[in-house]
Amino acid sequence: MNQIIRVLIPSWRFFDGTVDAAVLTHRISDDGTTFGEWQNTIPKPPRRAWGKLFLNSYENQLFASHALLEYLKNDLVDGLNAEVSIELVKNLVEFEAKPKRFFQFRLVCQTVDYTSEVFEK
């Protein structure tokens with residue numbers, strides 16, 4: 001009987017661990033040589049509210065953005081070909097930051113410190 005109850009009640013230990021969350025920053029330039037300060041590109045998702053249980057496109061977009069960062073982080077840590085992940089994050093920075101002409105992004109976490117090349121819009 002005890003085994004049946006254990007199957008029906010989930011273990012909350014899954015939520016106890018800490019995560020090495022990646023932070024995405026960017027900087028922009030007009031001429032491609034002189035860049036400004038690093039700015040946070042994606043904010044942390046806010047706490048979920050019951051009122052936004054079904055219609056929460058902004059929060060869903062933030063969660064999808066953070067999932068892209070995790071894919072890039074995992075590709076870099078595992079030594080895999082990260083071209084697709086870098087291109088997706090580049091497109092994300094273009095969408096979020098709306099750079100004028102040149103931009104660069106940086107992914108920082110405990111295991112990765114990756115700075116991209118300079119991209120031209």
# chains A, B, ... in the order shown; residues from 1 in each chain; ligands from 1
$ select_by_dssp --residues "chain A" --states "strand (DSSP E or B)" --output "PyMOL selection string"
chain A and resi 23-29+39-40+102-108+113-115+119-120
$ residues_around --residues "Pro43 of chain A" --least-positions-apart "3" --cutoff "9 Å" --atoms "only C-alpha atoms" --output "PyMOL selection string"
chain A and resi 23+40+46+62
$ select_by_dssp --residues "chain A" --states "helix (DSSP H, G or I)" --output "VMD selection string"
chain A and resid 2 to 8 12 to 15 50 to 52 57 to 78 83 to 97
$ residues_around --residues "Val89 of chain A" --least-positions-apart "3" --cutoff "8 Å" --atoms "only C-alpha atoms" --output "ChimeraX atom specification"
/A:68-69,72,85-86,92-93
$ residues_around --residues "Asp20 of chain A" --least-positions-apart "3" --cutoff "8 Å" --atoms "only C-alpha atoms" --output "JSON, numbers by chain"
{"A": [109, 110, 111]}
$ residues_around --residues "Ile42 of chain A" --least-positions-apart "5" --cutoff "12 Å" --atoms "only C-alpha atoms" --output "PyMOL selection string"
chain A and resi 22-26+58-59+61-69+89+92-97+105-107
$ write_last_selection --atoms "C-alpha atoms" --output "PDB file, in the first residue's frame"
ATOM      1  CA  ALA A  22      22.774  31.984 -17.676  1.00  0.00           C
ATOM      2  CA  VAL A  23      22.587  35.772 -18.017  1.00  0.00           C
ATOM      3  CA  LEU A  24      22.489  37.384 -21.458  1.00  0.00           C
ATOM      4  CA  THR A  25      23.862  40.886 -21.897  1.00  0.00           C
ATOM      5  CA  HIS A  26      24.478  42.962 -25.001  1.00  0.00           C
ATOM      6  CA  TYR A  58       4.986  37.877 -22.429  1.00  0.00           C
ATOM      7  CA  GLU A  59       5.937  35.358 -19.743  1.00  0.00           C
ATOM      8  CA  GLN A  61       8.265  34.503 -24.490  1.00  0.00           C
ATOM      9  CA  LEU A  62      10.603  35.062 -21.512  1.00  0.00           C
ATOM     10  CA  PHE A  63      10.611  31.353 -20.665  1.00  0.00           C
ATOM     11  CA  ALA A  64      11.334  30.459 -24.303  1.00  0.00           C
ATOM     12  CA  SER A  65      14.167  33.000 -24.370  1.00  0.00           C
ATOM     13  CA  HIS A  66      15.727  31.505 -21.258  1.00  0.00           C
ATOM     14  CA  ALA A  67      15.397  28.041 -22.808  1.00  0.00           C
ATOM     15  CA  LEU A  68      17.438  29.291 -25.802  1.00  0.00           C
ATOM     16  CA  LEU A  69      20.122  30.474 -23.395  1.00  0.00           C
ATOM     17  CA  VAL A  89      20.483  33.958 -29.600  1.00  0.00           C
ATOM     18  CA  LEU A  92      16.850  37.095 -29.934  1.00  0.00           C
ATOM     19  CA  VAL A  93      19.221  39.974 -29.142  1.00  0.00           C
ATOM     20  CA  GLU A  94      18.224  41.728 -32.375  1.00  0.00           C
ATOM     21  CA  PHE A  95      14.559  41.395 -31.403  1.00  0.00           C
ATOM     22  CA  GLU A  96      14.964  42.473 -27.773  1.00  0.00           C
ATOM     23  CA  ALA A  97      17.659  45.147 -28.013  1.00  0.00           C
ATOM     24  CA  PHE A 105      26.215  39.692 -26.922  1.00  0.00           C
ATOM     25  CA  ARG A 106      27.678  37.917 -23.942  1.00  0.00           C
ATOM     26  CA  LEU A 107      26.463  34.804 -22.119  1.00  0.00           C
TER      27      LEU A 107
END
$ closest_residue --among "A:Pro99, A:Arg48, A:Val84, A:Val108" --to "Glu120 of chain A" --atoms "only C-alpha atoms"
A:Pro99
$ closest_residue --among "A:Trp38, A:Tyr71, A:Trp50, A:Phe103" --to "Glu117 of chain A" --atoms "only C-alpha atoms"
A:Phe103
$ atom_distance --atom1 "atom CA of Ser116 of chain A" --atom2 "atom CA of Pro45 of chain A"
24.2 Å
$ atom_distance --atom1 "atom CA of Val118 of chain A" --atom2 "atom CA of Arg101 of chain A"
10.3 Å
